[in-house]
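Undergrad: Below is run_24.cif; it holds mmCIF, C-alpha atoms and all ligand atoms.
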```
data_work
loop_
_atom_site.group_PDB
_atom_site.id
_atom_site.type_symbol
_atom_site.label_atom_id
_atom_site.label_comp_id
_atom_site.auth_asym_id
_atom_site.auth_seq_id
_atom_site.Cartn_x
_atom_site.Cartn_y
_atom_site.Cartn_z
ATOM 1 C CA MET A 795 5.882 12.363 -1.676
ATOM 2 C CA MET A 796 5.071 11.225 1.810
ATOM 3 C CA GLN A 797 7.376 13.792 3.347
ATOM 4 C CA PRO A 798 6.012 14.981 6.665
ATOM 5 C CA ASN A 799 5.632 18.694 6.885
ATOM 6 C CA THR A 800 8.189 20.443 9.001
ATOM 7 C CA GLY A 801 7.820 23.444 11.216
ATOM 8 C CA ASP A 802 4.775 25.367 10.140
ATOM 9 C CA GLY A 803 3.122 22.433 8.447
ATOM 10 C CA ARG A 804 0.049 24.293 7.266
ATOM 11 C CA ALA A 805 2.126 26.733 5.239
ATOM 12 C CA SER A 806 3.841 23.948 3.317
ATOM 13 C CA LEU A 807 0.702 21.856 2.821
ATOM 14 C CA THR A 808 -1.045 24.719 1.057
ATOM 15 C CA MET A 809 1.538 24.447 -1.714
ATOM 16 C CA ILE A 810 0.814 20.774 -2.411
ATOM 17 C CA SER A 811 -1.736 19.860 -5.068
ATOM 18 C CA THR A 812 -4.995 18.309 -3.929
ATOM 19 C CA SER A 813 -4.359 15.072 -5.816
ATOM 20 C CA GLN A 814 -0.952 14.820 -4.147
ATOM 21 C CA LEU A 815 -2.515 15.418 -0.733
ATOM 22 C CA LEU A 816 -5.050 12.675 -1.372
ATOM 23 C CA ASP A 817 -2.297 10.334 -2.564
ATOM 24 C CA ASP A 818 -0.194 11.107 0.502
ATOM 25 C CA ILE A 819 -3.110 10.476 2.858
ATOM 26 C CA GLU A 820 -3.634 7.167 1.135
ATOM 27 C CA CYS A 821 0.044 6.246 1.482
ATOM 28 C CA TRP A 822 0.153 7.082 5.177
ATOM 29 C CA GLN A 823 -3.005 5.041 5.694
ATOM 30 C CA TRP A 824 -1.364 2.079 3.973
ATOM 31 C CA ILE A 825 1.617 2.402 6.260
ATOM 32 C CA MET A 826 -0.629 2.522 9.306
ATOM 33 C CA ALA A 827 -2.678 -0.408 8.013
ATOM 34 C CA GLY A 828 0.540 -2.389 7.768
ATOM 35 C CA TYR A 829 1.273 -1.762 11.410
ATOM 36 C CA GLN A 830 -2.273 -2.396 12.520
ATOM 37 C CA ILE A 831 -2.331 -6.034 11.495
ATOM 38 C CA ALA A 832 -0.132 -7.080 14.407
ATOM 39 C CA PRO A 833 -0.989 -4.582 17.126
ATOM 40 C CA GLU A 834 0.040 -6.909 19.939
ATOM 41 C CA ASP A 835 3.619 -6.611 18.745
ATOM 42 C CA ASP A 836 3.378 -2.843 18.412
ATOM 43 C CA PRO A 837 6.157 -2.645 15.821
ATOM 44 C CA ALA A 838 5.350 0.974 15.207
ATOM 45 C CA GLY A 839 5.906 1.979 18.793
ATOM 46 C CA GLY A 840 5.375 5.660 19.394
ATOM 47 C CA SER A 841 5.353 6.471 15.694
ATOM 48 C CA PHE A 842 1.724 5.399 15.449
ATOM 49 C CA ALA A 843 0.606 8.654 17.009
ATOM 50 C CA TYR A 844 2.914 10.477 14.654
ATOM 51 C CA PHE A 845 1.264 8.901 11.589
ATOM 52 C CA ASP A 846 -2.112 9.776 13.061
ATOM 53 C CA TRP A 847 -1.020 13.366 13.446
ATOM 54 C CA ILE A 848 0.312 13.612 9.891
ATOM 55 C CA ILE A 849 -2.878 12.200 8.408
ATOM 56 C CA GLY A 850 -4.858 14.621 10.546
ATOM 57 C CA GLU A 851 -2.859 17.551 9.165
ATOM 58 C CA TYR A 852 -3.455 16.423 5.574
ATOM 59 C CA GLU A 853 -7.150 15.822 6.168
ATOM 60 C CA THR A 854 -7.509 19.243 7.757
ATOM 61 C CA GLU A 855 -6.069 20.796 4.613
ATOM 62 C CA ILE A 856 -8.395 18.708 2.429
ATOM 63 C CA ASP A 857 -11.361 19.847 4.527
ATOM 64 C CA ARG A 858 -10.256 23.453 4.094
ATOM 65 C CA ARG A 859 -10.139 23.011 0.326
ATOM 66 C CA LYS A 860 -13.556 21.345 0.262
ATOM 67 C CA ARG A 861 -14.955 24.434 1.929
ATOM 68 C CA ALA A 862 -13.088 26.678 -0.520
ATOM 69 C CA ALA A 863 -14.148 24.633 -3.536
ATOM 70 C CA THR A 864 -17.323 26.671 -3.994
ATOM 71 C CA ALA A 865 -15.336 29.864 -4.528
ATOM 72 C CA SER A 866 -15.293 31.109 -8.100
ATOM 73 C CA ARG A 867 -11.521 30.942 -8.333
ATOM 74 C CA ALA A 868 -11.227 27.432 -6.919
ATOM 75 C CA PRO A 869 -9.627 24.928 -9.304
ATOM 76 C CA SER A 870 -11.493 21.796 -10.302
ATOM 77 C CA TRP A 871 -11.355 18.941 -7.858
ATOM 78 C CA PRO A 872 -9.136 16.038 -8.944
ATOM 79 C CA THR A 873 -10.676 12.603 -9.241
ATOM 80 C CA ALA A 874 -7.577 10.402 -9.327
ATOM 81 C CA GLY A 875 -6.968 10.306 -5.607
ATOM 82 C CA GLU A 876 -10.466 9.154 -4.750
ATOM 83 C CA SER A 877 -11.354 6.973 -7.728
ATOM 84 C CA ARG A 878 -8.282 4.858 -7.070
ATOM 85 C CA VAL A 879 -9.872 3.554 -3.892
ATOM 86 C CA SER A 880 -12.663 1.869 -5.839
ATOM 87 C CA VAL A 881 -10.118 0.335 -8.224
ATOM 88 C CA ILE A 882 -8.239 -1.106 -5.246
ATOM 89 C CA ASP A 883 -11.481 -2.602 -3.942
ATOM 90 C CA ALA A 884 -12.121 -4.234 -7.303
ATOM 91 C CA ILE A 885 -8.579 -5.638 -7.397
ATOM 92 C CA LYS A 886 -8.923 -7.099 -3.912
ATOM 93 C CA GLN A 887 -12.192 -8.774 -4.835
ATOM 94 C CA ARG A 888 -10.458 -10.603 -7.672
ATOM 95 C CA LEU A 889 -7.032 -11.370 -6.267
ATOM 96 C CA ARG A 890 -6.255 -13.259 -3.074
ATOM 97 C CA LEU A 891 -3.171 -11.993 -1.259
ATOM 98 C CA GLU A 892 -1.839 -15.493 -0.582
ATOM 99 C CA ASP A 893 -2.244 -16.460 -4.245
ATOM 100 C CA VAL A 894 -0.402 -13.387 -5.462
ATOM 101 C CA ILE A 895 2.424 -13.903 -2.968
ATOM 102 C CA ALA A 896 2.780 -17.560 -3.932
ATOM 103 C CA TYR A 897 2.738 -16.687 -7.620
ATOM 104 C CA GLU A 898 5.155 -13.795 -7.359
ATOM 105 C CA THR A 899 7.651 -15.266 -4.914
ATOM 106 C CA GLY A 900 7.330 -18.996 -5.523
ATOM 107 C CA ALA A 901 6.569 -19.483 -1.837
ATOM 108 C CA ARG A 902 4.780 -22.671 -0.863
ATOM 109 C CA PHE A 903 2.817 -22.137 2.288
ATOM 110 C CA GLY A 904 1.616 -25.614 3.105
ATOM 111 C CA LYS A 905 -1.294 -26.052 5.457
ATOM 112 C CA PRO A 906 -2.481 -23.050 7.419
ATOM 113 C CA ILE A 907 -1.787 -23.175 11.152
ATOM 114 C CA HIS A 908 -4.326 -21.328 13.282
ATOM 115 C CA GLY A 909 -5.488 -19.721 10.051
ATOM 116 C CA ARG A 910 -2.018 -18.397 9.307
ATOM 117 C CA LEU A 911 0.330 -19.168 6.432
ATOM 118 C CA ARG A 912 4.079 -18.955 6.877
ATOM 119 C CA CYS A 913 7.080 -18.748 4.583
ATOM 120 C CA ARG A 914 10.481 -17.185 4.492
ATOM 121 C CA CYS A 915 10.332 -13.451 3.953
ATOM 122 C CA PRO A 916 10.451 -12.663 0.214
ATOM 123 C CA PHE A 917 11.691 -9.104 0.583
ATOM 124 C CA ILE A 918 15.151 -8.681 -0.841
ATOM 125 C CA ASP A 919 16.424 -6.590 2.068
ATOM 126 C CA HIS A 920 15.550 -9.284 4.571
ATOM 127 C CA ARG A 921 17.766 -12.336 4.313
ATOM 128 C CA ASP A 922 15.347 -14.481 6.215
ATOM 129 C CA THR A 923 16.664 -17.847 7.368
ATOM 130 C CA GLU A 924 13.427 -19.049 8.940
ATOM 131 C CA PRO A 925 9.770 -18.589 8.074
ATOM 132 C CA SER A 926 9.213 -15.192 9.670
ATOM 133 C CA PHE A 927 6.704 -14.080 7.063
ATOM 134 C CA VAL A 928 3.066 -14.650 8.026
ATOM 135 C CA VAL A 929 0.008 -14.245 5.827
ATOM 136 C CA TYR A 930 -3.444 -13.882 7.382
ATOM 137 C CA PRO A 931 -5.879 -15.037 4.672
ATOM 138 C CA ASP A 932 -8.950 -14.032 6.673
ATOM 139 C CA GLN A 933 -7.745 -10.454 6.910
ATOM 140 C CA GLN A 934 -5.952 -10.469 3.546
ATOM 141 C CA SER A 935 -2.910 -9.042 5.264
ATOM 142 C CA PHE A 936 0.673 -10.048 5.972
ATOM 143 C CA PHE A 937 3.337 -9.297 8.520
ATOM 144 C CA CYS A 938 7.006 -10.245 8.741
ATOM 145 C CA PHE A 939 8.154 -10.815 12.301
ATOM 146 C CA GLY A 940 11.750 -10.481 11.136
ATOM 147 C CA CYS A 941 11.842 -7.184 9.268
ATOM 148 C CA GLY A 942 8.562 -5.652 10.383
ATOM 149 C CA ASN A 943 7.138 -5.239 6.891
ATOM 150 C CA GLY A 944 3.397 -5.627 6.816
ATOM 151 C CA GLY A 945 0.244 -4.603 5.062
ATOM 152 C CA ASP A 946 -2.146 -5.756 2.401
ATOM 153 C CA LEU A 947 -1.995 -6.730 -1.254
ATOM 154 C CA ILE A 948 -1.081 -3.249 -2.445
ATOM 155 C CA THR A 949 1.550 -2.802 0.248
ATOM 156 C CA PHE A 950 3.063 -6.160 -0.603
ATOM 157 C CA TRP A 951 3.256 -5.325 -4.276
ATOM 158 C CA VAL A 952 4.882 -1.948 -3.651
ATOM 159 C CA ALA A 953 7.457 -3.410 -1.267
ATOM 160 C CA PHE A 954 8.228 -6.595 -3.200
ATOM 161 C CA HIS A 955 8.725 -4.791 -6.505
ATOM 162 C CA GLN A 956 10.348 -1.825 -4.787
ATOM 163 C CA LEU A 957 7.975 0.620 -6.428
ATOM 164 C CA SER A 958 8.014 4.285 -5.545
ATOM 165 C CA GLY A 959 4.306 4.489 -4.839
ATOM 166 C CA VAL A 960 0.851 3.047 -4.884
ATOM 167 C CA ALA A 961 -0.086 4.214 -8.396
ATOM 168 C CA ALA A 962 2.252 1.846 -10.254
ATOM 169 C CA ALA A 963 1.154 -1.055 -8.054
ATOM 170 C CA VAL A 964 -2.493 -0.372 -8.785
ATOM 171 C CA ASP A 965 -1.804 -0.257 -12.535
ATOM 172 C CA GLN A 966 0.065 -3.564 -12.508
ATOM 173 C CA LEU A 967 -2.396 -5.337 -10.223
ATOM 174 C CA ARG A 968 -5.240 -4.032 -12.323
ATOM 175 C CA ASP A 969 -3.741 -5.903 -15.273
ATOM 176 C CA MET A 970 -3.196 -9.018 -13.193
ATOM 177 C CA ALA A 971 -6.783 -8.925 -11.983
ATOM 178 C CA GLY A 972 -8.022 -8.693 -15.556
ATOM 179 C CA LEU A 973 -9.677 -5.342 -14.990
ATOM 180 C CA ALA A 974 -10.037 -2.928 -17.857
ATOM 181 C CA PRO A 975 -6.791 -1.051 -18.432
ATOM 182 C CA LYS A 976 -6.676 2.578 -17.512
ATOM 183 C CA ARG A 977 -4.987 3.501 -20.796
ATOM 184 C CA THR A 978 -4.424 1.706 -24.075
ATOM 185 C CA ALA A 979 -0.693 2.337 -24.521
ATOM 186 C CA PRO A 980 1.288 0.041 -22.237
ATOM 187 C CA ASP A 981 4.161 2.088 -20.875
ATOM 188 C CA SER A 982 5.456 1.291 -17.447
ATOM 189 C CA ALA A 983 3.031 -1.543 -16.852
ATOM 190 C CA ARG A 984 4.891 -4.813 -16.868
ATOM 191 C CA ALA A 985 3.288 -8.176 -17.174
ATOM 192 C CA PRO A 986 3.897 -9.961 -13.864
ATOM 193 C CA THR A 987 4.784 -13.212 -15.580
ATOM 194 C CA GLY A 988 8.117 -14.917 -16.047
ATOM 195 C CA ARG A 989 9.687 -13.466 -12.933
ATOM 196 C CA PRO A 990 12.082 -15.851 -11.223
ATOM 197 C CA PRO A 991 11.015 -17.136 -7.853
ATOM 198 C CA VAL A 992 12.599 -15.414 -4.906
ATOM 199 C CA ARG A 993 13.942 -17.483 -2.032
ATOM 200 C CA ILE A 994 11.303 -20.132 -1.900
ATOM 201 C CA GLU A 995 10.829 -21.982 1.298
HETATM 202 ZN ZN ZN A 1001 10.964 -9.841 6.397
#
```
Translate the structure of the given file into structure tokens.

TA:
Amino acid sequence: MMQPNTGDGRASLTMISTSQLLDDIECWQWIMAGYQIAPEDDPAGGSFAYFDWIIGEYETEIDRRKRAATASRAPSWPTAGESRVSVIDAIKQRLRLEDVIAYETGARFGKPIHGRLRCRCPFIDHRDTEPSFVVYPDQQSFFCFGCGNGGDLITFWVAFHQLSGVAAAVDQLRDMAGLAPKRTAPDSARAPTGRPPVRIE
């Protein structure tokens, strides 16, 4: 997942399932969204254009399939990749990013300064010694000026719990938000309670 196509990109993209293409587009957009929250720092550098190009390639392939979808031999269109967007919207309406971060990491932000909340970076790979981690409640986004991690609620959850993708994060946050579960049998979904605080400020 999320592997950029190499060489003749179109040839390789045709072999990827539509739901995977939609998931990959979503993942690249999350990555770009993470970079976009602090554009003045331009942490992405020249790679921003690269992400743009990749997403463009994927969207071109999706457009091609939409045109081909009327053909008699076309497979049915998957719903997972698109319906997930509405689930994410519902999660974000119920959960505030700063609340989830405080709950999950034990961080105490104190008073906002210029509308920003700061704490030491909770990501395990970043041994932050000062409060480099900034949350923007108005935008419901975060950015770490130490390690460059940034994004929104979903991005935070994926990075903090070191998940392999967005799907698991959506399932777990769906539970946390009290939304109806996708399936009745709890398998990989873990209750986000009882986790020890991580490097509180
Ligand atoms: Zn960091």

Undergrad: Can you tell me which residues surround stretch 943-953 of chain A at a distance of at most 6 Å, considering all atoms listed in the file, apart from same-chain residues fewer than 4 positions away, and format the answer as an MDAnalysis selection string?

TA: chainID A and resid 827:828 891 935:938 957 963

Undergrad: Any idea what's packed within 12 Å of A:Ser870, counting all atoms listed in the file, ignoring anything in its chain fewer than 6 positions away? Could you give it as a ChimeraX atom specification?

TA: /A:811-813,859-860,862-864

Undergrad: Selection from above, C-alpha atoms, as a compact mmCIF listing (two decimals), in the coordinates of the input, can you write it?

TA:
```txt
# COMPACT_ATOMS: atom_id res chain seq x y z
CA SER A 811 -1.74 19.86 -5.07
CA THR A 812 -5.00 18.31 -3.93
CA SER A 813 -4.36 15.07 -5.82
CA ARG A 859 -10.14 23.01 0.33
CA LYS A 860 -13.56 21.34 0.26
CA ALA A 862 -13.09 26.68 -0.52
CA ALA A 863 -14.15 24.63 -3.54
CA THR A 864 -17.32 26.67 -3.99
```

Undergrad: Apply the PyMOL selection byres (((chain A and resi 920) around 12) and not hetatm) to the file shown and report the selected residues as a list in words.

TA: Arg914, Cys915, Pro916, Phe917, Ile918, Asp919, Arg921, Asp922, Thr923, Glu924, Pro925, Ser926, Phe927, Cys938, Phe939, Gly940, Cys941, Gly942, Asn943, Ala953, Phe954, Val992 and Arg993 of chain A

Undergrad: Name the closest residue to ligand ZN 1001 (chain A) among the candidates A:Val928, A:Arg888, A:His955, A:Gly972; distances are taken between atoms, counting all atoms listed in the file.

TA: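 Nearest candidate to ligand ZN 1001 (chain A) out of A:Val928, A:Arg888, A:His955, A:Gly972: A:Val928.
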
Undergrad: Tell me which of A:Leu967, A:Ile848, A:Ala974, A:Val929 sits closest to ligand ZN 1001 (chain A), counting all atoms listed in the file.

TA: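 Ranked by minimum distance to ligand ZN 1001 (chain A), first place goes to A:Val929.
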
Undergrad: Could you list the residues chosen by the PyMOL selection byres (((chain A and resi 970) around 9) and not hetatm) in this structure as a PyMOL selection string?

TA: chain A and resi 885+889+965-969+971-973+985-986

Undergrad: Need the shell around A:Phe903: protein/DNA/RNA residues with any atom at most 8 Å away, counting all atoms listed in the file. Skip same-chain ones fewer than 5 positions apart. Format as a list in words?

TA: Ala896, Leu911, Arg912 and Cys913 of chain A

Undergrad: Padding 4 Å on every side, please: axis-aligned box over the listed atoms of stretch 862-869 of chain A, centre and edge lengths to one decimal in Å, as JSON.

TA:
```
{"center_x": -13.5, "center_y": 27.9, "center_z": -4.9, "size_x": 15.7, "size_y": 14.5, "size_z": 16.8}
```

Undergrad: What is the atom CA of A:Gly850-atom CA of A:Gln956 distance in Å, reported with one decimal?

TA: 27.1 Å

Undergrad: Leaving out A:Arg890 and any residue of its chain fewer than 5 positions from it, which residues lie within 9 Å of it when counting all atoms listed in the file, given as an mmCIF file with C-alpha atoms, in the frame of the given file?

TA:
```
data_model
loop_
_atom_site.group_PDB
_atom_site.id
_atom_site.type_symbol
_atom_site.label_atom_id
_atom_site.label_comp_id
_atom_site.auth_asym_id
_atom_site.auth_seq_id
_atom_site.Cartn_x
_atom_site.Cartn_y
_atom_site.Cartn_z
ATOM 1 C CA ILE A 895 2.424 -13.903 -2.968
ATOM 2 C CA PRO A 931 -5.879 -15.037 4.672
ATOM 3 C CA GLN A 934 -5.952 -10.469 3.546
ATOM 4 C CA LEU A 947 -1.995 -6.730 -1.254
#
```

Undergrad: Measure the distance from atom CA of A:Ala884 to atom CA of A:Asp818 in Å and round it to one decimal.

TA: 20.9 Å

Undergrad: Write out as a list in words which residues come within 9 Å of A:Tyr852 when counting all atoms listed in the file, dropping same-chain ones fewer than 5 positions away.

TA: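 The residues satisfying every condition are Arg804, Leu807, Leu815, Leu816, Asp818, Ile819, Trp847 and Asp857 of chain A.
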
Undergrad: Calculate how many Å separate atom CA of A:Ile856 from atom CA of A:Val960, rounding to one decimal.

TA: 19.6 Å

Undergrad: So which one's closest to A:Gln823, A:Ile849, A:Asp893, A:Thr899, A:Ser958? Using all atoms listed in the file, please.

TA: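 Using all atoms listed in the file, A:Gln823 sits closest to A:Ile849.
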
Undergrad: Give me stretch 961-977 of chain A with N, CA and C atoms filled in, as a PDB file, in the coordinates of the input.

TA:
```
ATOM      1  N   ALA A 961       0.513   4.109  -7.061  1.00  0.00           N
ATOM      2  CA  ALA A 961      -0.086   4.214  -8.396  1.00  0.00           C
ATOM      3  C   ALA A 961       0.401   3.106  -9.330  1.00  0.00           C
ATOM      4  N   ALA A 962       1.711   2.877  -9.362  1.00  0.00           N
ATOM      5  CA  ALA A 962       2.252   1.846 -10.254  1.00  0.00           C
ATOM      6  C   ALA A 962       1.749   0.471  -9.847  1.00  0.00           C
ATOM      7  N   ALA A 963       1.641   0.241  -8.547  1.00  0.00           N
ATOM      8  CA  ALA A 963       1.154  -1.055  -8.054  1.00  0.00           C
ATOM      9  C   ALA A 963      -0.289  -1.283  -8.492  1.00  0.00           C
ATOM     10  N   VAL A 964      -1.088  -0.245  -8.387  1.00  0.00           N
ATOM     11  CA  VAL A 964      -2.493  -0.372  -8.785  1.00  0.00           C
ATOM     12  C   VAL A 964      -2.589  -0.679 -10.273  1.00  0.00           C
ATOM     13  N   ASP A 965      -1.779  -0.009 -11.086  1.00  0.00           N
ATOM     14  CA  ASP A 965      -1.804  -0.257 -12.535  1.00  0.00           C
ATOM     15  C   ASP A 965      -1.447  -1.705 -12.851  1.00  0.00           C
ATOM     16  N   GLN A 966      -0.397  -2.209 -12.210  1.00  0.00           N
ATOM     17  CA  GLN A 966       0.065  -3.564 -12.508  1.00  0.00           C
ATOM     18  C   GLN A 966      -0.907  -4.614 -11.983  1.00  0.00           C
ATOM     19  N   LEU A 967      -1.438  -4.380 -10.784  1.00  0.00           N
ATOM     20  CA  LEU A 967      -2.396  -5.337 -10.223  1.00  0.00           C
ATOM     21  C   LEU A 967      -3.717  -5.305 -10.979  1.00  0.00           C
ATOM     22  N   ARG A 968      -4.032  -4.149 -11.509  1.00  0.00           N
ATOM     23  CA  ARG A 968      -5.240  -4.032 -12.323  1.00  0.00           C
ATOM     24  C   ARG A 968      -5.139  -4.962 -13.534  1.00  0.00           C
ATOM     25  N   ASP A 969      -3.970  -4.986 -14.144  1.00  0.00           N
ATOM     26  CA  ASP A 969      -3.741  -5.903 -15.273  1.00  0.00           C
ATOM     27  C   ASP A 969      -3.862  -7.349 -14.814  1.00  0.00           C
ATOM     28  N   MET A 970      -3.214  -7.645 -13.690  1.00  0.00           N
ATOM     29  CA  MET A 970      -3.196  -9.018 -13.193  1.00  0.00           C
ATOM     30  C   MET A 970      -4.611  -9.495 -12.861  1.00  0.00           C
ATOM     31  N   ALA A 971      -5.422  -8.581 -12.371  1.00  0.00           N
ATOM     32  CA  ALA A 971      -6.783  -8.925 -11.983  1.00  0.00           C
ATOM     33  C   ALA A 971      -7.717  -9.004 -13.188  1.00  0.00           C
ATOM     34  N   GLY A 972      -7.205  -8.636 -14.353  1.00  0.00           N
ATOM     35  CA  GLY A 972      -8.022  -8.693 -15.556  1.00  0.00           C
ATOM     36  C   GLY A 972      -9.034  -7.568 -15.646  1.00  0.00           C
ATOM     37  N   LEU A 973      -8.779  -6.492 -14.918  1.00  0.00           N
ATOM     38  CA  LEU A 973      -9.677  -5.342 -14.990  1.00  0.00           C
ATOM     39  C   LEU A 973      -9.319  -4.521 -16.221  1.00  0.00           C
ATOM     40  N   ALA A 974     -10.264  -3.742 -16.669  1.00  0.00           N
ATOM     41  CA  ALA A 974     -10.037  -2.928 -17.857  1.00  0.00           C
ATOM     42  C   ALA A 974      -8.849  -1.992 -17.632  1.00  0.00           C
ATOM     43  N   PRO A 975      -7.957  -1.917 -18.595  1.00  0.00           N
ATOM     44  CA  PRO A 975      -6.791  -1.051 -18.432  1.00  0.00           C
ATOM     45  C   PRO A 975      -7.189   0.416 -18.388  1.00  0.00           C
ATOM     46  N   LYS A 976      -6.385   1.158 -17.642  1.00  0.00           N
ATOM     47  CA  LYS A 976      -6.676   2.578 -17.512  1.00  0.00           C
ATOM     48  C   LYS A 976      -6.402   3.300 -18.832  1.00  0.00           C
ATOM     49  N   ARG A 977      -5.336   2.879 -19.517  1.00  0.00           N
ATOM     50  CA  ARG A 977      -4.987   3.501 -20.796  1.00  0.00           C
ATOM     51  C   ARG A 977      -4.574   2.405 -21.766  1.00  0.00           C
TER      52      ARG A 977
END
```
